[in-house]
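The data block below is coords-v7.cif; it holds mmCIF, C-alpha atoms.
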```cif
data_run
loop_
_atom_site.label_atom_id
_atom_site.label_comp_id
_atom_site.auth_asym_id
_atom_site.auth_seq_id
_atom_site.Cartn_x
_atom_site.Cartn_y
_atom_site.Cartn_z
CA MET A 113 97.26 110.89 172.37
CA ASN A 114 97.94 111.27 176.08
CA ILE A 115 98.40 114.79 177.49
CA TYR A 116 100.00 115.25 180.91
CA ILE A 117 99.66 118.53 182.82
CA GLY A 118 101.72 119.27 185.92
CA VAL A 119 100.47 122.25 187.95
CA ASP A 120 102.52 124.26 190.44
CA LEU A 121 99.75 126.05 192.35
CA HIS A 122 100.30 129.17 194.45
CA LYS A 123 98.17 131.83 196.07
CA ALA A 124 98.35 134.41 193.28
CA GLN A 125 99.16 132.30 190.20
CA PHE A 126 99.79 128.78 188.94
CA THR A 127 102.21 127.39 186.39
CA CYS A 128 101.19 124.57 184.04
CA TYR A 129 103.62 122.33 182.19
CA VAL A 130 101.73 120.62 179.35
CA LYS A 131 103.43 117.72 177.58
CA ASN A 132 102.39 114.86 175.34
CA GLU A 133 103.62 111.28 175.26
CA PHE A 134 106.17 112.16 172.56
CA GLY A 135 107.94 114.72 174.75
CA LYS A 136 106.61 117.88 173.11
CA ALA A 137 105.81 120.44 175.83
CA ARG A 138 104.60 124.00 176.47
CA LEU A 139 104.56 126.19 179.55
CA PHE A 140 101.59 128.33 180.62
CA LYS A 141 101.04 130.73 183.52
CA PHE A 142 97.64 131.78 184.85
CA LEU A 143 96.45 134.05 187.65
CA THR A 144 94.22 132.56 190.36
CA ASP A 145 91.42 135.02 189.66
CA GLU A 146 88.26 134.46 187.64
CA LYS A 147 89.89 135.58 184.40
CA GLY A 148 92.91 133.33 184.93
CA TYR A 149 90.81 130.26 185.73
CA ASN A 150 88.60 130.90 182.67
CA ARG A 151 91.68 131.01 180.43
CA PHE A 152 92.91 127.71 181.89
CA LEU A 153 89.49 126.07 181.59
CA LYS A 154 89.30 127.20 177.96
CA LEU A 155 92.67 125.54 177.28
CA LEU A 156 91.50 122.32 178.92
CA ASP A 157 88.25 122.38 176.97
CA ILE A 158 90.18 122.65 173.71
CA LEU A 159 92.48 119.76 174.63
CA LYS A 160 89.62 117.60 175.88
CA ASN A 161 87.51 118.03 172.76
CA LYS A 162 90.31 117.13 170.36
CA GLU A 163 89.98 113.65 168.96
CA LYS A 164 91.90 110.89 170.73
CA PHE A 165 93.26 113.30 173.41
CA LYS A 166 93.26 111.91 176.93
CA VAL A 167 94.14 114.65 179.45
CA SER A 168 95.61 113.94 182.91
CA ILE A 169 96.25 116.64 185.54
CA ALA A 170 98.17 116.60 188.83
CA VAL A 171 98.64 119.32 191.43
CA GLU A 172 100.28 119.55 194.85
CA SER A 173 98.14 119.72 197.97
CA THR A 174 97.95 123.36 199.12
CA GLY A 175 95.41 125.70 200.70
CA ASN A 176 93.47 126.32 197.48
CA THR A 177 93.82 122.85 195.94
CA ARG A 178 90.22 121.87 196.78
CA TYR A 179 88.88 124.87 194.87
CA PHE A 180 91.24 124.19 191.95
CA LYS A 181 90.25 120.52 191.78
CA GLN A 182 86.50 121.18 192.02
CA LYS A 183 86.71 123.93 189.41
CA ILE A 184 88.25 121.59 186.85
CA GLU A 185 86.20 118.49 187.63
CA ASN A 186 82.84 120.27 187.88
CA GLU A 187 83.20 122.52 184.82
CA ILE A 188 85.39 120.44 182.47
CA GLY A 189 85.01 116.90 183.81
CA ILE A 190 88.72 116.06 183.91
CA GLU A 191 89.79 114.16 187.02
CA THR A 192 92.58 115.96 188.87
CA LYS A 193 95.09 114.02 190.96
CA VAL A 194 96.19 115.67 194.22
CA ILE A 195 99.78 114.88 195.27
CA ASN A 196 100.70 113.83 198.79
CA THR A 197 103.53 116.31 199.42
CA MET A 198 104.76 114.38 202.48
CA LYS A 199 105.60 111.41 200.24
CA PHE A 200 106.71 113.37 197.19
CA LYS A 201 110.05 114.85 198.23
CA VAL A 202 111.44 115.37 194.73
CA ILE A 203 110.08 118.93 194.60
CA ASN A 204 110.60 119.93 198.24
CA GLU A 205 114.23 118.82 198.26
CA SER A 206 115.13 120.17 194.81
CA ILE A 207 118.24 122.35 194.73
CA ASN A 208 117.27 124.34 191.65
CA LYS A 209 113.67 125.09 192.55
CA THR A 210 111.50 127.15 190.18
CA ASP A 211 107.82 127.04 189.29
CA LYS A 212 108.66 125.74 185.82
CA ARG A 213 110.85 122.92 187.15
CA ASP A 214 108.27 121.95 189.76
CA ALA A 215 105.47 121.81 187.20
CA LYS A 216 107.69 119.82 184.79
CA THR A 217 108.64 117.35 187.53
CA ILE A 218 104.97 116.79 188.36
CA ALA A 219 104.12 116.23 184.68
CA ASP A 220 107.04 113.78 184.24
CA PHE A 221 106.04 111.70 187.26
CA LEU A 222 102.38 111.87 186.23
CA GLU A 223 103.30 110.37 182.87
CA LYS A 224 105.07 107.50 184.64
CA ASP A 225 102.13 107.08 187.06
CA MET A 226 104.52 107.45 190.01
CA LEU A 227 102.81 110.22 191.98
CA PRO A 228 101.70 109.47 195.57
CA GLU A 229 98.08 110.57 195.76
CA ALA A 230 96.42 112.40 198.63
CA LYS A 231 92.72 112.08 199.36
CA ILE A 232 90.69 115.25 199.76
CA CYS A 233 88.37 115.11 202.76
CA SER A 234 84.65 115.80 202.52
CA VAL A 235 83.27 119.34 202.47
CA LYS A 236 81.71 118.79 205.90
CA SER A 237 85.00 117.68 207.42
CA GLU A 238 86.81 120.59 205.81
CA GLN A 239 84.34 123.06 207.31
CA LEU A 240 84.59 121.39 210.73
CA LYS A 241 88.39 121.62 210.58
CA ARG A 242 88.16 125.34 209.84
CA ILE A 243 85.84 125.86 212.79
CA THR A 244 87.92 123.77 215.22
CA LYS A 245 91.08 125.60 214.10
CA SER A 246 89.40 128.98 214.61
CA ARG A 247 88.16 127.89 218.02
CA SER A 248 91.66 126.77 218.98
CA ILE A 249 93.03 130.20 218.08
CA LEU A 250 90.34 131.94 220.14
CA VAL A 251 90.95 129.66 223.13
CA SER A 252 94.66 130.48 222.95
CA THR A 253 93.78 134.19 222.78
CA ARG A 254 91.53 133.86 225.83
CA ILE A 255 94.36 132.32 227.84
CA LYS A 256 96.77 135.09 226.82
CA ILE A 257 94.28 137.80 227.82
CA LYS A 258 93.71 136.20 231.22
CA ASN A 259 97.45 135.90 231.81
CA GLN A 260 97.89 139.56 230.87
CA ILE A 261 95.25 140.61 233.40
CA HIS A 262 96.84 138.45 236.11
CA GLY A 263 100.20 140.07 235.32
CA ILE A 264 98.86 143.63 235.53
CA LEU A 265 97.14 142.93 238.84
CA LEU A 266 100.25 141.29 240.26
CA SER A 267 102.33 144.34 239.28
CA ILE A 268 100.11 146.58 241.42
CA GLY A 269 100.15 144.24 244.42
CA ILE A 270 96.92 142.27 243.81
CA THR A 271 97.29 138.50 243.82
CA THR A 272 94.58 136.62 241.92
CA LYS A 273 93.65 132.98 241.50
CA THR A 274 93.36 131.12 238.20
CA GLY A 275 89.56 130.80 238.19
CA GLN A 276 88.70 134.35 239.21
CA PHE A 277 88.10 135.47 235.62
CA ASN A 278 85.90 132.54 234.63
CA SER A 279 82.67 134.43 235.41
CA LYS A 280 81.42 137.97 234.88
CA ILE A 281 80.78 138.34 238.61
CA GLY A 282 84.36 137.32 239.42
CA ARG A 283 85.75 139.79 236.87
CA LYS A 284 83.60 142.61 238.21
CA LYS A 285 84.79 142.00 241.76
CA VAL A 286 88.44 142.10 240.68
CA ILE A 287 87.97 145.34 238.73
CA GLU A 288 86.32 146.96 241.77
CA ILE A 289 89.43 146.22 243.87
CA VAL A 290 91.66 148.24 241.51
CA LYS A 291 91.94 151.85 242.72
CA ASP A 292 94.22 153.29 240.03
CA ILE A 293 92.03 154.75 237.26
CA SER A 294 94.52 154.05 234.45
CA ASN A 295 94.96 150.37 235.37
CA LYS A 296 91.21 150.00 235.96
CA LYS A 297 90.48 151.22 232.41
CA LEU A 298 93.16 148.96 230.97
CA ILE A 299 91.84 145.89 232.77
CA GLN A 300 88.26 146.77 231.79
CA SER A 301 89.33 146.96 228.13
CA LEU A 302 90.97 143.54 228.37
CA VAL A 303 87.90 142.10 230.11
CA ASN A 304 85.69 143.43 227.28
CA VAL A 305 87.90 141.69 224.70
CA LEU A 306 87.88 138.55 226.85
CA GLU A 307 84.09 138.45 227.00
CA ASN A 308 83.77 139.03 223.25
CA THR A 309 86.25 136.21 222.67
CA GLU A 310 84.27 133.86 224.91
CA ASP A 311 81.05 134.75 223.10
CA SER A 312 82.74 133.92 219.79
CA ILE A 313 83.98 130.59 221.18
CA LYS A 314 80.42 129.70 222.27
CA GLU A 315 79.09 130.58 218.82
CA LEU A 316 81.65 128.31 217.13
CA GLU A 317 80.93 125.49 219.57
CA LYS A 318 77.20 125.83 218.85
CA GLU A 319 77.89 125.63 215.11
CA MET A 320 80.07 122.54 215.66
CA GLU A 321 77.30 120.85 217.63
CA ASP A 322 74.67 121.72 215.03
CA MET A 323 76.81 120.28 212.22
CA THR A 324 77.35 116.99 214.10
CA ASP A 325 73.96 116.69 215.80
CA ASP A 326 73.26 113.26 214.29
CA ASP A 327 76.82 112.28 213.39
CA ARG A 328 77.44 108.60 214.16
CA VAL A 329 81.23 108.99 214.44
CA VAL A 330 80.87 111.68 217.11
CA GLU A 331 78.37 109.52 219.00
CA ILE A 332 80.82 106.61 219.07
CA LEU A 333 83.79 108.76 220.15
CA LYS A 334 81.81 110.34 222.99
CA THR A 335 81.24 106.89 224.51
CA ILE A 336 84.98 106.63 225.24
CA PRO A 337 85.51 107.65 228.90
CA GLY A 338 86.88 111.15 229.34
CA THR A 339 85.99 112.24 225.80
CA GLY A 340 84.11 115.53 225.59
CA LYS A 341 82.08 116.79 222.67
CA ILE A 342 84.78 119.20 221.43
CA SER A 343 87.47 116.50 221.37
CA ALA A 344 85.08 114.08 219.66
CA ILE A 345 84.13 116.61 216.98
CA THR A 346 87.79 117.56 216.41
CA VAL A 347 88.82 113.92 215.93
CA ARG A 348 85.86 113.32 213.63
CA ALA A 349 86.72 116.37 211.51
CA HIS A 350 90.31 115.29 210.88
CA ILE A 351 89.71 111.55 210.45
CA ASP A 352 86.82 112.20 208.03
CA ASP A 353 86.29 108.64 206.74
CA ILE A 354 87.90 105.86 208.77
CA ALA A 355 87.98 103.70 205.62
CA ARG A 356 90.90 105.90 204.47
CA PHE A 357 93.06 104.00 206.97
CA SER A 358 93.53 100.30 206.28
CA SER A 359 95.03 99.75 209.75
CA SER A 360 95.26 101.32 213.20
CA LYS A 361 98.98 101.77 212.60
CA LYS A 362 98.29 104.06 209.66
CA LEU A 363 95.91 106.11 211.76
CA SER A 364 98.56 106.45 214.48
CA SER A 365 101.06 107.56 211.85
CA TYR A 366 98.56 110.06 210.43
CA VAL A 367 98.09 111.57 213.89
CA GLY A 368 101.88 111.80 214.34
CA LEU A 369 102.05 109.59 217.43
CA VAL A 370 104.50 107.02 216.07
CA PRO A 371 108.27 107.33 216.72
CA TRP A 372 110.88 108.19 214.12
CA VAL A 373 112.76 105.05 213.03
CA ARG A 374 116.12 105.18 211.27
CA GLN A 375 117.79 101.96 210.27
CA SER A 376 121.07 101.34 208.45
CA ASP A 377 122.94 98.05 208.26
CA LYS A 378 122.59 96.54 211.75
CA LYS A 379 121.97 99.81 213.53
CA GLU A 380 118.51 101.04 214.40
CA TYR A 381 117.56 104.31 216.06
CA ILE A 382 114.09 104.97 217.44
CA GLY A 383 113.47 108.63 218.28
CA HIS A 384 110.65 110.82 219.49
CA ILE A 385 107.20 110.85 217.91
CA THR A 386 107.05 112.34 214.42
CA LYS A 387 104.40 114.99 215.24
CA ARG A 388 103.32 114.83 211.63
CA GLY A 389 99.77 115.67 210.76
CA SER A 390 97.39 118.07 212.43
CA LYS A 391 98.35 119.52 215.79
CA GLU A 392 94.65 119.96 216.63
CA LEU A 393 93.96 116.25 216.05
CA ARG A 394 96.95 115.15 218.12
CA THR A 395 95.99 117.53 220.93
CA ALA A 396 92.40 116.28 220.91
CA ILE A 397 93.49 112.66 221.34
CA VAL A 398 95.88 113.62 224.15
CA GLN A 399 93.00 115.47 225.80
CA MET A 400 90.93 112.29 225.53
CA VAL A 401 93.65 110.52 227.50
CA MET A 402 93.75 113.30 230.07
CA GLY A 403 89.98 113.07 230.42
CA MET A 404 90.23 109.32 230.94
CA ILE A 405 92.88 109.83 233.62
CA ARG A 406 90.57 112.25 235.44
CA SER A 407 87.56 109.96 235.03
CA LYS A 408 86.59 108.19 238.25
CA SER A 409 84.64 105.43 236.50
CA GLU A 410 87.55 104.11 234.40
CA LYS A 411 90.52 103.39 236.63
CA ASP A 412 90.99 99.72 235.78
CA ASN A 413 91.20 99.29 232.02
CA ILE A 414 94.12 98.51 229.73
CA PHE A 415 94.76 102.18 229.02
CA MET A 416 94.95 103.26 232.65
CA ASN A 417 96.94 100.17 233.57
CA GLN A 418 99.46 101.07 230.89
CA TYR A 419 99.54 104.69 232.05
CA ASN A 420 100.03 103.81 235.72
CA TYR A 421 102.81 101.36 234.86
CA LEU A 422 104.70 103.69 232.48
CA LYS A 423 104.57 106.76 234.71
CA THR A 424 106.46 104.84 237.40
CA LYS A 425 109.15 103.84 234.88
CA LYS A 426 109.31 106.96 232.70
CA ALA A 427 108.08 110.55 232.65
CA THR A 428 104.35 111.23 232.90
CA GLY A 429 104.36 112.94 229.48
CA ILE A 430 105.83 109.84 227.83
CA ALA A 431 103.17 107.70 229.51
CA ILE A 432 100.38 109.95 228.21
CA ILE A 433 101.71 109.85 224.63
CA ALA A 434 102.05 106.05 224.78
CA VAL A 435 98.44 105.72 225.93
CA ALA A 436 97.34 108.19 223.23
CA ARG A 437 99.00 106.00 220.59
CA ARG A 438 97.17 102.95 221.94
CA LEU A 439 93.95 104.95 222.05
CA THR A 440 94.18 105.47 218.29
CA LYS A 441 93.92 101.68 217.97
CA LEU A 442 90.70 101.76 219.97
CA ILE A 443 89.34 104.65 217.89
CA TRP A 444 90.18 102.85 214.64
CA THR A 445 88.54 99.63 215.87
CA LEU A 446 85.35 101.25 217.13
CA LEU A 447 84.86 103.34 214.00
CA THR A 448 85.74 100.47 211.65
CA LYS A 449 83.26 98.17 213.38
CA ASN A 450 80.73 100.99 213.93
CA GLU A 451 80.48 100.03 217.60
CA GLU A 452 80.33 102.08 220.78
CA TYR A 453 82.84 101.72 223.60
CA ASN A 454 82.16 98.68 225.77
CA PRO A 455 83.88 98.81 229.19
CA LEU A 456 83.45 95.06 229.64
CA VAL A 457 85.45 94.40 226.50
CA SER A 458 87.95 97.21 226.93
CA SER A 459 88.83 96.07 230.45
CA SER A 460 90.81 93.23 228.88
CA ILE A 461 93.26 93.15 225.98
CA GLU A 462 90.60 91.58 223.77
CA ILE A 463 89.78 94.81 221.97
CA ILE A 464 93.43 95.34 221.05
CA LYS A 465 93.66 91.79 219.77
CA LYS A 466 90.59 92.41 217.66
CA ALA A 467 92.10 95.64 216.36
CA GLU A 468 95.32 93.90 215.35
CA SER A 469 93.41 91.04 213.75
CA MET A 470 91.37 93.48 211.69
CA ARG A 471 94.52 95.39 210.77
CA HIS A 472 96.25 92.25 209.45
CA GLN A 473 93.11 91.28 207.55
CA ALA A 474 92.86 94.75 206.00
CA GLU A 475 96.54 94.67 204.97
CA MET A 476 96.04 91.26 203.37
CA ASN A 477 93.02 92.57 201.45
CA VAL A 478 95.02 95.56 200.20
CA ALA A 479 97.89 93.30 199.17
#
```
What does the file become when written as structure tokens?
Amino acid sequence: MNIYIGVDLHKAQFTCYVKNEFGKARLFKFLTDEKGYNRFLKLLDILKNKEKFKVSIAVESTGNTRYFKQKIENEIGIETKVINTMKFKVINESINKTDKRDAKTIADFLEKDMLPEAKICSVKSEQLKRITKSRSILVSTRIKIKNQIHGILLSIGITTKTGQFNSKIGRKKVIEIVKDISNKKLIQSLVNVLENTEDSIKELEKEMEDMTDDDRVVEILKTIPGTGKISAITVRAHIDDIARFSSSKKLSSYVGLVPWVRQSDKKEYIGHITKRGSKELRTAIVQMVMGMIRSKSEKDNIFMNQYNYLKTKKATGIAIIAVARRLTKLIWTLLTKNEEYNPLVSSSIEIIKKAESMRHQAEMNVA
């Protein structure tokens, strides 16, 4: 007998809708603590060990899905399917939305084998994503602190330049200029927080470098002109395994750099980029483009030619995004072929042709 279990997983509890192939069903609720998981695992163990019972489980992708999936697969040995929530709109767009209905919907679609599956990235990539996200938050905090100091100084008649707080010597000189004791203490407090934040950023960057010291993907990405180690590590963390993407177009879509397309009858509307996927990944690829623009050694390749042409016809921001989308094709090609950037090849459109050829071949293999 086939048993289908749909799980609506939340932070504090999860709801399980258990049904068999004859339509008989039961509802269970468990807490997401050790006791709750043990109760659920005991239920699964009972179902698994019954004769002729084949158990299937599906759960939506959330913050604690990895732990949930590993708990079941490692301790009970039942494969757990993770749902791609971006492609499974039945739950998100439901009018009458309850935990029971969501779990039942998952179980029903699991029985019909109609659930879009999401792939869980490796543990290493997951840890790198956490670190890059934390670093991004700290960098944003550093900028806000600097802006606050600039604002305080400006309010008391002291004009400062952007780079004056980039060194301890520069900060000390600025503090010495301030005569008012109250403002001096306030600025000193902010400077202390700023320096602690910068120390934390350096620690995270060191950990990122240690984790990717001999990482082939990072080595390849760093050969692309204008690509720094942080951008390379961020892209590597979010892409995980390039084999997940059968074409460069799917990678571009994953990054969120493809435009919205709406088509009905003979009308077609193409809008702005979708911005789906990770903001950190999209920002890293845009920063790669910005680095290439600033690079003096790469002014005559297909990417810069496209950028220089588009910025005369459209806004600079649009040109950068267009180049970033094309850059995802290069990234996909280099990682798929396990090859480093070759300026002699990339100076022509040959590399794009190769990328498209590989994409068509991959699509044919999938079909």
Env of Ile289 (chain A): 12 Å cut, atoms = only C-alpha atoms, seq-sep filter 3 positions within chain, self excluded. Answer as a PyMOL selection string. chain A and resi 265+268-272+282-286+292-293+295-296+299
Selection as a list in words: residues within 6 Å of (86.8, 110.2, 218.8), counting all atoms listed in the file: Leu333, Ala344 and Val347 of chain A
Take the PyMOL selection byres ((chain A and resi 244) around 12), apply it to the structure above, and return the hits as a PyMOL selection string. chain A and resi 237-243+245-251+313-321+341-350+390-393+395-396
From (95.9, 121.4, 180.1), in the file's coordinates, out to 6 Å: which residues are reached, counting only C-alpha atoms? Answer as a list in words. Ile117, Val130, Leu155 and Leu156 of chain A
Name the residues that the PyMOL selection byres ((chain A and resi 434) around 10) picks from the file above, as a count of residues only, using the file's chain letters and numbers. 20
Written as a ChimeraX atom specification, what is the full residue list that the PyMOL selection byres ((chain A and resi 136) around 12) yields on the file shown? /A:113-117,129-135,137-139,216,219-220
Mind pulling up the distance from CA of Ala170 (chain A) to CA of Lys193 (chain A)? 4.5 Å
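Near Asn450 (chain A), within 10 Å and counting all atoms listed in the file, sit Arg328, Val329, Ile332, Trp444, Thr445, Leu446, Leu447 and Tyr453 of chain A, not including residues fewer than 3 positions from it in the same chain.
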What would the file look like if the residues just selected were written as a compact mmCIF listing (two decimals), in the frame of the given file with C-alpha atoms?
```txt
# COMPACT_ATOMS: atom_id res chain seq x y z
CA ARG A 328 77.44 108.60 214.16
CA VAL A 329 81.23 108.99 214.44
CA ILE A 332 80.82 106.61 219.07
CA TRP A 444 90.18 102.85 214.64
CA THR A 445 88.54 99.63 215.87
CA LEU A 446 85.35 101.25 217.13
CA LEU A 447 84.86 103.34 214.00
CA TYR A 453 82.84 101.72 223.60
```
Around all of region 433-437 of chain A's listed atoms, make the axis-aligned box with 3 Å on each side and tell me centre and edge lengths in Å to one decimal, as lines of an AutoDock Vina configuration file.
```
center_x = 99.7
center_y = 107.8
center_z = 223.3
size_x = 10.7
size_y = 10.1
size_z = 11.3
```
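One finds CA of Glu223 (chain A) at 15.0 Å from CA of Phe200 (chain A).
Rounded to one decimal, CA of Ile443 (chain A) and CA of Val330 (chain A) lie 11.0 Å from each other.
Distances here use only C-alpha atoms; by that measure, the residue among A:Lys408, A:Lys147, A:Lys362, A:Lys426 closest to Gly338 (chain A) is A:Lys408.
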Residue with smallest distance to Asp353 (chain A) - pool A:Thr386, A:Ser234, A:Gln300, A:Ser252, counting all atoms listed in the file: A:Ser234
With all atoms listed in the file as the counted atoms, please give the residues lying no more than 9 Å from Ile261 (chain A), apart from itself and same-chain residues fewer than 2 positions off, as an NGL selection string. :A and (256-259 or 263-266 or 298-299 or 302-303)
Can you work out which one of A:Lys423, A:Arg356, A:Lys441, A:Lys291 has the shortest atom-to-atom distance to Lys231 (chain A), counting all atoms listed in the file? A:Arg356
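Distances from A:Ser173, A:Gln125, A:Asn304, A:Gln260 to Thr197 (chain A) were compared using all atoms listed in the file, and the smallest one belongs to A:Ser173.
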